[in-house]
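Engineer: After the structure tokens below, expect a handful of questions from me.
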Amino acid sequence: MFALESWPRILIVDSHGQPVRWAVLARAARYRAAGKVITDLGENLFSMTGGTQDSSGQRSEFVTSSIVMIRGRHRIPLGYAHVGLTKHRLFARDRQICGYCGGHFADGDLTVEHILPVSRGGQHDWTNVVTACRSCNTRKGSRTPEEAHMPLLYVPYRVSRNEGFILSNRRILADQMAFLQATLPRHSRWANG
């Protein structure tokens with residue numbers, strides 16, 4: 001038996017198909033119990049058993065899919081459409097590929113590389129950071145890529161809200177990925193898998 005935390009997350013979307021949150025199975029069950037679920041959209045099914053009923057002695061069972069549509073339209077509060085920049089999300093956006101040498105590395109061998117160094121006025125922003133291996137980051141130092149004669153192999157970009165959902169779940173299922181990918185901008189590295 002799996003602990004609830006180790007189960008895949010359920011993607012909750014609003015009635016317009018916009019992602020709302022990743023939820024554990026118990027939270028998805030609360031949406032169903034409250035009558036907020038319109039339909040199941042995912043291909044993968046998950047079940048959870050509850051307590052026993054006094055009269056029959058049978059256990060209740062809850063079944064849901066990996067993508068659940070709930071009633072209403074989820075309004076994104078001002079300022080929350082922005083996806084926060086974290087090391088994990090950056091490495092995922094760049095698919096763990098160094099922006100300078102093109103090598104593929106494990107998390108422990110990667111760094112957050114500021115294209116225009118912070119010491120020279122660069123911002124800690126999606127459009128000013130790339131994933132870099134430790135060797136390239138050290139070699140570039142506090143110079144710009146042009147000054148270091150280290151051209152970037154790809155262009156950094158600000159991730160969309162739906163791409164943020166992909167980047168924030170390490171255990172995303174294939175049907176959830178396909179659902180989210182259908183809404184990504186063409187420049188996203190996750191748009192085509």
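Residues are named by chain letter and number: chains run A, B, ... in the order of the structure tokens, numbers start at 1 in each chain, and ligands are numbered from 1 in the order shown.
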Need the shell around range 19-36 of chain A: protein/DNA/RNA residues with any atom at most 8 Å away, counting only C-alpha atoms. Skip same-chain ones fewer than 2 positions apart. Format as a ChimeraX atom specification?
Structural biologist: /A:4-5,7-14,17,38,46,48,62,64,68,70-71,74,162,165
Engineer: Produce a table with one row for each residue of range 85-132 of chain A that has an atom at most 8 Å from any atom of range 150-155 of chain A, each row naming the nearest atom pair and its distance in Å at one decimal; use only C-alpha atoms; arrange rows by chain and rising residue number; format as JSON lines.
Structural biologist:
{"residue": "A:Gly99", "atom": "CA", "partner": "A:Leu153", "partner_atom": "CA", "distance": 5.4}
{"residue": "A:Tyr100", "atom": "CA", "partner": "A:Leu152", "partner_atom": "CA", "distance": 5.3}
{"residue": "A:Cys101", "atom": "CA", "partner": "A:Leu153", "partner_atom": "CA", "distance": 7.7}
{"residue": "A:Gly102", "atom": "CA", "partner": "A:Leu153", "partner_atom": "CA", "distance": 7.0}
Engineer: Would you please work out which residue, of A:Thr86, A:Ser65, A:Gln18, A:Gln96, is nearest to Trp126 in chain A when using only C-alpha atoms?
Structural biologist: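 The closest residue to Trp126 in chain A is A:Thr86.
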Engineer: Fewer than 6 positions away in the same chain doesn't count, so skip those; otherwise give me all residues within 7 Å of range 134-139 of chain A, counting only C-alpha atoms, as a PDB file with C-alpha atoms, in the first residue's frame.
Structural biologist:
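Result saved to selection_15.pdb:
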ATOM      1  CA  TYR A 100      26.860  26.974 -22.627  1.00  0.00           C
ATOM      2  CA  ASP A 109      26.207  19.219 -10.999  1.00  0.00           C
ATOM      3  CA  LEU A 110      24.118  22.213 -12.126  1.00  0.00           C
ATOM      4  CA  THR A 111      23.932  25.859 -11.080  1.00  0.00           C
ATOM      5  CA  GLU A 113      23.622  31.044 -14.066  1.00  0.00           C
TER       6      GLU A 113
END
Engineer: For CA of Pro117 in chain A and CA of Lys140 in chain A, quote the distance in Å rounded to one decimal.
Structural biologist: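 Going from CA of Pro117 in chain A over to CA of Lys140 in chain A covers 9.9 Å.
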Engineer: Nearest to Asp175 in chain A among A:Leu90, A:Ile67, A:Val83, A:Val37, with distances taken over only C-alpha atoms: which residue is it?
Structural biologist: A:Ile67
Engineer: Counting only C-alpha atoms, figure out which residue out of A:Leu85, A:Ile166, A:Leu180, A:Cys133 gets nearest to Gly103 in chain A.
Structural biologist: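 Ranking A:Leu85, A:Ile166, A:Leu180, A:Cys133 by distance to Gly103 in chain A, first place goes to A:Cys133.
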Engineer: From a DSSP pass on the backbone, collect the residues of range 7-180 of chain A flagged as strand (DSSP E or B) and hand them back as number ranges by chain.
Structural biologist: A: 10-13, 19-23, 37-40, 45-52, 59-65, 67-70, 97, 104, 110-114, 129-133
Engineer: Using only C-alpha atoms, which protein or nucleic acid residues come within 12 Å of His187 in chain A? Drop anything in the same chain fewer than 2 positions from it, and give the result as number ranges by chain.
Structural biologist: A: 93, 154-160, 163, 181, 183-185, 189-192
Engineer: May I have the residues from that selection written out with C-alpha atoms, as a short mmCIF file (atom, residue, chain, number, x, y, z; two decimals), in the first residue's frame?
Structural biologist:
data_model
loop_
_atom_site.label_atom_id
_atom_site.label_comp_id
_atom_site.auth_asym_id
_atom_site.auth_seq_id
_atom_site.Cartn_x
_atom_site.Cartn_y
_atom_site.Cartn_z
CA ARG A 93 12.59 24.33 -17.90
CA TYR A 154 19.28 28.51 -26.15
CA VAL A 155 17.25 31.58 -25.27
CA PRO A 156 15.88 31.88 -21.72
CA TYR A 157 12.18 32.69 -21.42
CA ARG A 158 9.52 33.37 -18.80
CA VAL A 159 7.41 30.23 -18.27
CA SER A 160 3.64 30.35 -18.66
CA GLU A 163 4.06 25.30 -17.91
CA GLN A 181 1.02 20.56 -23.21
CA THR A 183 -2.12 24.84 -23.91
CA LEU A 184 1.56 25.77 -23.95
CA PRO A 185 3.05 28.52 -26.09
CA ARG A 189 10.61 23.56 -24.30
CA TRP A 190 7.76 21.38 -23.01
CA ALA A 191 5.31 22.16 -25.84
CA ASN A 192 6.19 19.06 -27.86
#
Engineer: Can you list, as a PyMOL selection string, every residue of range 13-186 of chain A that DSSP puts in helix (DSSP H, G or I)?
Structural biologist: chain A and resi 25-33+87-93+107-109+118-120+126-128+134-140+145-148+161-167+174-181
